[in-house]
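All remarks here apply to the structure that follows.
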Amino acid sequence: MSTPYNFEDRRLAKLDGFEVEIDEAHERADIILNRPPYNVVSMPQRDQLRLVFETLDEDDRVRIIVVRSVGEHFSSGGNIGGFMEATPEKVSKLAWNIASPTRCAKPVIVANRGYCFGVGFELSLACDFRIASETTLYALPEQKLGQIPGSGGSARLQKMIGITRTKDIVMRSKRIPAKQAFDWGIATECVPDAELEKATDKLVDELRTFAPLAQRTAKKLLNDTEDSTLTVAIELEGHCYSRLRQSEDFKEGVEAFNAKRPPKFIGR
C-alpha cells in the first residue's frame, strides 16, 4: 500500500505541482505529476524534483522509482512565463535538474500517456525505461517559441535515434506518436492505454528480482560508457565485472543457480 512520503528537507515541505508516495512492501517510490489537465512543470518544481531524486536515491527502502502523472496527459511542458522571469543563473541549472533520473543510481521508470512535450519529454528521456501508452505524443516544440530544447532533449535524442531523426523532431517541432517512438527506440514499451499501470507494475516487480548492486553497476556503466570508445567501454566493463565477482549477491546467484532455486539478493 502506498503512503505519502515524509521528507525531512524543509525545501520539500510543500511540493509544487507533484506528490511523492512510497510503497515499502514493493520497495517502490512514485513521483506523481499532479497539476492537471496538462501537468505544466514550473521552475520551482524542477529544483524540487532534483532534491526528491537525491533523497530517494539515499533511501534504503526504495529499490525502484516510478515517474507518472494524474490525468490523460503526462506533461505539456514547462511554464512558459517562468522562462521570462528566471535569471540566467536559474536557467543554466535546467538541464542539471532534469538529468536527476540519470544520475540516480536506482532504476527509474516513467509511464507516459497523452502529451509528453518539452520538459515532460526531456524528463522522460532522462529515465531508464519509458513505457508509453498508445495515446502518447512526444514532442520538443521549442522552435515554435523561437528557442531550442534546454534540458537535454536534443542531446539525448541524438544519442538514441541519430541526427537525421532528431533534426526532424527538433527543427520541425514534430510530434511522434507512441508506436513510432517505440519503433525508433525512444520508448521501451508501447501498450494500450488501459494497460499502462499494469505494465508499469509488472516492470517494477521484474526489476526487483535482480541484485541491487549489479543493477546499479549496470546503469552507471552504461551511462558512463555511452560516449566512450569501444576499447574504453570494454575495459570499464571488465573492471565492473571483477568488482561484482567479490559481492555476496554474486555468490548467492551462483549458489541459487546450481541449487535450482530463486536467489535471495541482499544488495551487498
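By convention here, the chains of the C-alpha cells are called A, B, ... in the order presented, each chain's residues are numbered starting at 1, and ligands are numbered starting at 1 in the order presented.
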message: When DSSP is applied to the backbone of this structure, which of stretch 70-258 of chain A are assigned helix (DSSP H, G or I)? Write them out as a VMD selection string.
response: chain A and resid 80 to 85 88 to 91 94 to 98 100 to 103 119 to 125 141 to 145 153 to 161 163 to 170 178 to 184 193 to 207 212 to 224 230 to 244 248 to 258
Given the selection you just returned, output its residues as a file containing C-alpha atoms, formatted as a JSON list (two decimals), in the first residue's frame.
```json
[["chain", "number", "residue", "atom", "x", "y", "z"],
["A", 80, "ILE", "CA", 6.48, 29.50, -20.47],
["A", 81, "GLY", "CA", 6.12, 32.59, -18.31],
["A", 82, "GLY", "CA", 8.66, 31.19, -15.89],
["A", 83, "PHE", "CA", 11.38, 31.32, -18.52],
["A", 84, "MET", "CA", 10.96, 35.05, -19.00],
["A", 85, "GLU", "CA", 11.10, 35.69, -15.26],
["A", 88, "PRO", "CA", 20.32, 33.37, -16.36],
["A", 89, "GLU", "CA", 21.78, 31.53, -13.35],
["A", 90, "LYS", "CA", 18.45, 29.78, -12.78],
["A", 91, "VAL", "CA", 18.06, 28.84, -16.42],
["A", 94, "LEU", "CA", 17.59, 23.45, -16.03],
["A", 95, "ALA", "CA", 19.45, 20.57, -17.65],
["A", 96, "TRP", "CA", 21.17, 19.56, -14.39],
["A", 97, "ASN", "CA", 17.86, 19.30, -12.54],
["A", 98, "ILE", "CA", 16.10, 17.35, -15.28],
["A", 100, "SER", "CA", 18.39, 13.77, -11.98],
["A", 101, "PRO", "CA", 16.85, 10.43, -13.05],
["A", 102, "THR", "CA", 20.02, 9.61, -14.98],
["A", 103, "ARG", "CA", 22.32, 10.45, -12.06],
["A", 119, "VAL", "CA", 10.45, 19.30, -20.35],
["A", 120, "GLY", "CA", 7.97, 16.43, -19.92],
["A", 121, "PHE", "CA", 9.70, 14.65, -22.80],
["A", 122, "GLU", "CA", 13.16, 15.64, -21.55],
["A", 123, "LEU", "CA", 12.43, 14.30, -18.06],
["A", 124, "SER", "CA", 11.21, 11.05, -19.64],
["A", 125, "LEU", "CA", 14.34, 10.78, -21.79],
["A", 141, "PRO", "CA", 8.09, 22.22, -29.56],
["A", 142, "GLU", "CA", 10.60, 24.91, -28.54],
["A", 143, "GLN", "CA", 11.21, 26.05, -32.14],
["A", 144, "LYS", "CA", 7.66, 27.42, -32.16],
["A", 145, "LEU", "CA", 8.76, 29.81, -29.39],
["A", 153, "GLY", "CA", 16.22, 16.81, -25.08],
["A", 154, "SER", "CA", 18.04, 17.20, -28.38],
["A", 155, "ALA", "CA", 21.29, 15.80, -26.99],
["A", 156, "ARG", "CA", 19.71, 12.65, -25.56],
["A", 157, "LEU", "CA", 17.57, 12.07, -28.64],
["A", 158, "GLN", "CA", 20.55, 12.32, -30.96],
["A", 159, "LYS", "CA", 22.31, 9.58, -28.99],
["A", 160, "MET", "CA", 19.22, 7.39, -29.16],
["A", 161, "ILE", "CA", 17.98, 7.83, -32.72],
["A", 163, "ILE", "CA", 20.99, 13.18, -36.09],
["A", 164, "THR", "CA", 18.57, 12.82, -39.03],
["A", 165, "ARG", "CA", 15.55, 11.85, -36.96],
["A", 166, "THR", "CA", 16.50, 14.27, -34.18],
["A", 167, "LYS", "CA", 16.58, 17.17, -36.64],
["A", 168, "ASP", "CA", 13.17, 16.10, -37.89],
["A", 169, "ILE", "CA", 11.77, 16.23, -34.35],
["A", 170, "VAL", "CA", 13.58, 19.34, -33.08],
["A", 178, "ALA", "CA", 3.95, 6.19, -29.26],
["A", 179, "LYS", "CA", 4.15, 3.38, -31.83],
["A", 180, "GLN", "CA", 6.65, 5.32, -33.92],
["A", 181, "ALA", "CA", 8.64, 6.19, -30.78],
["A", 182, "PHE", "CA", 8.79, 2.50, -29.92],
["A", 183, "ASP", "CA", 9.89, 1.57, -33.44],
["A", 184, "TRP", "CA", 12.61, 4.22, -33.31],
["A", 193, "ASP", "CA", -3.77, 2.98, -22.53],
["A", 194, "ALA", "CA", -5.81, 0.80, -20.18],
["A", 195, "GLU", "CA", -2.73, -1.38, -19.55],
["A", 196, "LEU", "CA", -0.21, 1.36, -18.73],
["A", 197, "GLU", "CA", -0.39, 0.95, -14.96],
["A", 198, "LYS", "CA", -0.32, -2.85, -15.21],
["A", 199, "ALA", "CA", 2.73, -2.76, -17.48],
["A", 200, "THR", "CA", 4.48, -0.38, -15.09],
["A", 201, "ASP", "CA", 3.74, -2.58, -12.08],
["A", 202, "LYS", "CA", 5.00, -5.63, -13.98],
["A", 203, "LEU", "CA", 8.31, -3.96, -14.81],
["A", 204, "VAL", "CA", 8.75, -2.82, -11.19],
["A", 205, "ASP", "CA", 8.26, -6.40, -9.97],
["A", 206, "GLU", "CA", 10.64, -7.75, -12.60],
["A", 207, "LEU", "CA", 13.42, -5.29, -11.75],
["A", 212, "PRO", "CA", 20.54, -4.29, -6.47],
["A", 213, "LEU", "CA", 24.31, -3.85, -6.63],
["A", 214, "ALA", "CA", 24.57, -5.43, -10.08],
["A", 215, "GLN", "CA", 21.66, -3.30, -11.29],
["A", 216, "ARG", "CA", 23.17, -0.06, -10.07],
["A", 217, "THR", "CA", 26.53, -1.04, -11.53],
["A", 218, "ALA", "CA", 24.99, -1.81, -14.92],
["A", 219, "LYS", "CA", 23.19, 1.55, -15.02],
["A", 220, "LYS", "CA", 26.30, 3.55, -14.16],
["A", 221, "LEU", "CA", 28.48, 1.58, -16.56],
["A", 222, "LEU", "CA", 26.08, 2.07, -19.46],
["A", 223, "ASN", "CA", 25.68, 5.79, -18.72],
["A", 224, "ASP", "CA", 29.43, 6.36, -18.31],
["A", 230, "LEU", "CA", 34.69, 0.64, -27.59],
["A", 231, "THR", "CA", 38.10, -0.13, -26.09],
["A", 232, "VAL", "CA", 37.44, 2.04, -23.03],
["A", 233, "ALA", "CA", 33.92, 0.63, -22.62],
["A", 234, "ILE", "CA", 35.19, -2.95, -22.66],
["A", 235, "GLU", "CA", 37.94, -2.07, -20.16],
["A", 236, "LEU", "CA", 35.46, -0.46, -17.75],
["A", 237, "GLU", "CA", 33.06, -3.35, -18.15],
["A", 238, "GLY", "CA", 35.83, -5.74, -17.15],
["A", 239, "HIS", "CA", 36.63, -3.74, -14.02],
["A", 240, "CYS", "CA", 32.97, -3.64, -13.01],
["A", 241, "TYR", "CA", 32.62, -7.37, -13.61],
["A", 242, "SER", "CA", 35.67, -8.02, -11.48],
["A", 243, "ARG", "CA", 34.32, -5.96, -8.59],
["A", 244, "LEU", "CA", 30.92, -7.66, -8.69],
["A", 248, "GLU", "CA", 27.78, -11.58, -1.73],
["A", 249, "ASP", "CA", 24.96, -11.32, -4.26],
["A", 250, "PHE", "CA", 27.07, -12.89, -7.00],
["A", 251, "LYS", "CA", 27.92, -15.79, -4.69],
["A", 252, "GLU", "CA", 24.23, -16.14, -3.84],
["A", 253, "GLY", "CA", 23.27, -16.00, -7.52],
["A", 254, "VAL", "CA", 25.67, -18.81, -8.41],
["A", 255, "GLU", "CA", 24.58, -20.96, -5.48],
["A", 256, "ALA", "CA", 20.91, -20.39, -6.30],
["A", 257, "PHE", "CA", 21.53, -21.28, -9.94],
["A", 258, "ASN", "CA", 23.26, -24.52, -9.00]]
```
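Once A:Thr135 and its same-chain neighbours fewer than 3 positions away are set aside, A:Glu72, A:His73, A:Asn112, A:Arg113, A:Gly114, A:Tyr115, A:Ala132, A:Pro177, A:Ala178, A:Pro192, A:Asp193 remain within 9 Å of it when counting only C-alpha atoms.
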If you run DSSP on the backbone here, which positions in stretch 39-266 of chain A get strand (DSSP E or B)? Please write them as a compact mmCIF listing (two decimals) with N, CA, C and O atoms, in the first residue's frame.
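Final file, part.txt:
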```txt
# COMPACT_ATOMS: atom_id res chain seq x y z
N VAL A 41 5.07 22.00 -15.87
CA VAL A 41 6.16 21.96 -14.89
C VAL A 41 6.69 23.36 -14.63
O VAL A 41 7.14 24.05 -15.55
N ILE A 64 13.10 0.84 -6.63
CA ILE A 64 12.69 1.29 -7.95
C ILE A 64 11.92 2.61 -7.81
O ILE A 64 11.12 2.77 -6.89
N ILE A 65 12.15 3.54 -8.73
CA ILE A 65 11.44 4.81 -8.74
C ILE A 65 10.58 4.88 -10.01
O ILE A 65 11.06 4.56 -11.11
N VAL A 66 9.32 5.26 -9.84
CA VAL A 66 8.40 5.41 -10.96
C VAL A 66 7.98 6.87 -11.06
O VAL A 66 7.62 7.49 -10.05
N VAL A 67 8.02 7.41 -12.26
CA VAL A 67 7.51 8.76 -12.52
C VAL A 67 6.24 8.61 -13.34
O VAL A 67 6.24 7.96 -14.39
N ARG A 68 5.14 9.16 -12.86
CA ARG A 68 3.87 9.07 -13.58
C ARG A 68 3.08 10.35 -13.37
O ARG A 68 3.59 11.31 -12.77
N SER A 69 1.85 10.36 -13.86
CA SER A 69 1.08 11.60 -13.79
C SER A 69 -0.38 11.33 -13.51
O SER A 69 -0.87 10.21 -13.67
N SER A 75 2.67 15.47 -19.45
CA SER A 75 3.01 16.89 -19.26
C SER A 75 3.11 17.57 -20.61
O SER A 75 3.73 17.05 -21.54
N GLY A 78 6.94 22.94 -19.90
CA GLY A 78 7.21 23.89 -18.83
C GLY A 78 6.31 25.11 -18.84
O GLY A 78 5.61 25.38 -19.82
N VAL A 108 14.92 3.89 -12.86
CA VAL A 108 13.81 4.85 -12.91
C VAL A 108 12.94 4.53 -14.12
O VAL A 108 13.41 4.49 -15.26
N ILE A 109 11.66 4.30 -13.86
CA ILE A 109 10.68 4.01 -14.91
C ILE A 109 9.76 5.22 -15.05
O ILE A 109 9.35 5.81 -14.05
N VAL A 110 9.44 5.60 -16.27
CA VAL A 110 8.45 6.65 -16.47
C VAL A 110 7.28 6.06 -17.26
O VAL A 110 7.48 5.30 -18.21
N ALA A 111 6.07 6.39 -16.83
CA ALA A 111 4.85 5.96 -17.51
C ALA A 111 4.26 7.16 -18.24
O ALA A 111 3.81 8.12 -17.60
N ASN A 112 4.27 7.11 -19.57
CA ASN A 112 3.81 8.23 -20.38
C ASN A 112 2.44 7.96 -21.01
O ASN A 112 2.18 6.85 -21.45
N TYR A 115 -0.07 13.98 -23.94
CA TYR A 115 1.01 14.90 -24.28
C TYR A 115 2.24 14.63 -23.43
O TYR A 115 2.17 14.53 -22.20
N CYS A 116 3.37 14.54 -24.09
CA CYS A 116 4.66 14.42 -23.41
C CYS A 116 5.60 15.37 -24.15
O CYS A 116 6.40 14.94 -24.99
N PHE A 117 5.45 16.65 -23.86
CA PHE A 117 6.11 17.70 -24.62
C PHE A 117 7.18 18.41 -23.80
O PHE A 117 7.13 18.44 -22.56
N PHE A 129 13.68 3.62 -18.28
CA PHE A 129 12.67 2.87 -19.02
C PHE A 129 11.47 3.77 -19.29
O PHE A 129 10.94 4.38 -18.35
N ARG A 130 11.05 3.84 -20.54
CA ARG A 130 9.89 4.65 -20.92
C ARG A 130 8.78 3.72 -21.40
O ARG A 130 8.91 3.10 -22.46
N ILE A 131 7.72 3.60 -20.60
CA ILE A 131 6.56 2.81 -21.01
C ILE A 131 5.52 3.80 -21.54
O ILE A 131 5.05 4.66 -20.80
N ALA A 132 5.17 3.65 -22.80
CA ALA A 132 4.28 4.62 -23.44
C ALA A 132 2.91 4.01 -23.72
O ALA A 132 2.80 2.93 -24.31
N SER A 133 1.87 4.69 -23.27
CA SER A 133 0.53 4.35 -23.69
C SER A 133 0.39 4.69 -25.17
O SER A 133 1.07 5.58 -25.69
N LEU A 137 2.02 11.22 -27.23
CA LEU A 137 2.64 12.00 -28.29
C LEU A 137 3.88 12.66 -27.69
O LEU A 137 3.78 13.40 -26.71
N TYR A 138 5.04 12.39 -28.27
CA TYR A 138 6.28 13.00 -27.82
C TYR A 138 6.61 14.19 -28.73
O TYR A 138 6.48 14.10 -29.95
N ALA A 139 7.11 15.28 -28.13
CA ALA A 139 7.49 16.43 -28.95
C ALA A 139 8.41 17.37 -28.18
O ALA A 139 8.35 17.46 -26.95
N ILE A 176 5.70 12.90 -32.28
CA ILE A 176 5.96 11.50 -32.58
C ILE A 176 5.01 10.63 -31.76
O ILE A 176 5.07 10.63 -30.53
N PRO A 177 4.12 9.88 -32.42
CA PRO A 177 3.21 9.00 -31.68
C PRO A 177 3.95 7.82 -31.05
O PRO A 177 5.06 7.47 -31.46
N GLU A 189 8.56 0.32 -24.18
CA GLU A 189 7.36 -0.47 -24.48
C GLU A 189 6.26 0.46 -24.96
O GLU A 189 6.23 1.65 -24.59
N CYS A 190 5.35 -0.07 -25.76
CA CYS A 190 4.15 0.65 -26.17
C CYS A 190 2.96 -0.25 -25.87
O CYS A 190 2.88 -1.37 -26.39
N VAL A 191 2.05 0.23 -25.02
CA VAL A 191 0.95 -0.61 -24.55
C VAL A 191 -0.38 0.13 -24.70
O VAL A 191 -0.41 1.37 -24.76
```
statement: Restricting to only C-alpha atoms, whichever of A:Thr136, A:Pro107, A:Ala99, A:Ala25 is closest to A:Leu56 is A:Pro107
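Here atom CA of A:Leu51 stands at a distance of 26.0 Å from atom CA of A:Thr188.
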- prompt: Could you name the residues that touch stretch 59-63 of chain A at 8 Å or less, counting only C-alpha atoms, but leaving out those on the same chain fewer than 5 positions away, as a PyMOL selection string?
  reply: chain A and resi 22+24+27-29+106-107+208+212
Keeping only N, CA and C atoms, write the selected residues as an mmCIF file, in the first residue's frame.
```
data_model
loop_
_atom_site.group_PDB
_atom_site.id
_atom_site.type_symbol
_atom_site.label_atom_id
_atom_site.label_comp_id
_atom_site.auth_asym_id
_atom_site.auth_seq_id
_atom_site.Cartn_x
_atom_site.Cartn_y
_atom_site.Cartn_z
ATOM 1 N N ILE A 22 5.321 6.309 -1.279
ATOM 2 C CA ILE A 22 6.222 5.173 -1.100
ATOM 3 C C ILE A 22 5.410 3.926 -0.780
ATOM 4 N N GLU A 24 6.513 0.548 0.639
ATOM 5 C CA GLU A 24 7.652 -0.189 1.193
ATOM 6 C C GLU A 24 7.574 -1.680 0.879
ATOM 7 N N GLU A 27 9.049 -1.964 -2.354
ATOM 8 C CA GLU A 27 10.329 -1.243 -2.471
ATOM 9 C C GLU A 27 10.278 -0.193 -3.582
ATOM 10 N N ARG A 28 9.190 0.526 -3.619
ATOM 11 C CA ARG A 28 8.886 1.423 -4.742
ATOM 12 C C ARG A 28 8.497 2.810 -4.262
ATOM 13 N N ALA A 29 8.979 3.823 -4.962
ATOM 14 C CA ALA A 29 8.551 5.197 -4.719
ATOM 15 C C ALA A 29 8.013 5.765 -6.023
ATOM 16 N N LYS A 106 19.496 4.234 -8.855
ATOM 17 C CA LYS A 106 18.447 3.222 -8.917
ATOM 18 C C LYS A 106 17.697 3.277 -10.245
ATOM 19 N N PRO A 107 17.106 2.163 -10.665
ATOM 20 C CA PRO A 107 16.321 2.169 -11.902
ATOM 21 C C PRO A 107 15.138 3.131 -11.794
ATOM 22 N N ARG A 208 12.816 -5.792 -9.452
ATOM 23 C CA ARG A 208 13.092 -6.114 -8.047
ATOM 24 C C ARG A 208 13.677 -7.505 -7.867
ATOM 25 N N PRO A 212 20.463 -5.758 -6.465
ATOM 26 C CA PRO A 212 20.543 -4.294 -6.474
ATOM 27 C C PRO A 212 21.914 -3.751 -6.872
#
```
12 Å contact set for A:Pro4, only C-alpha atoms, chain neighbours under 3 positions out, as number ranges by chain: A: 1, 7, 13, 15, 18-24, 29-32
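Atom CA of A:Ile266 sits 14.7 Å away from atom CA of A:His26.
Straight-line separation from atom CA of A:Val52 to atom CA of A:Cys127: 14.2 Å.
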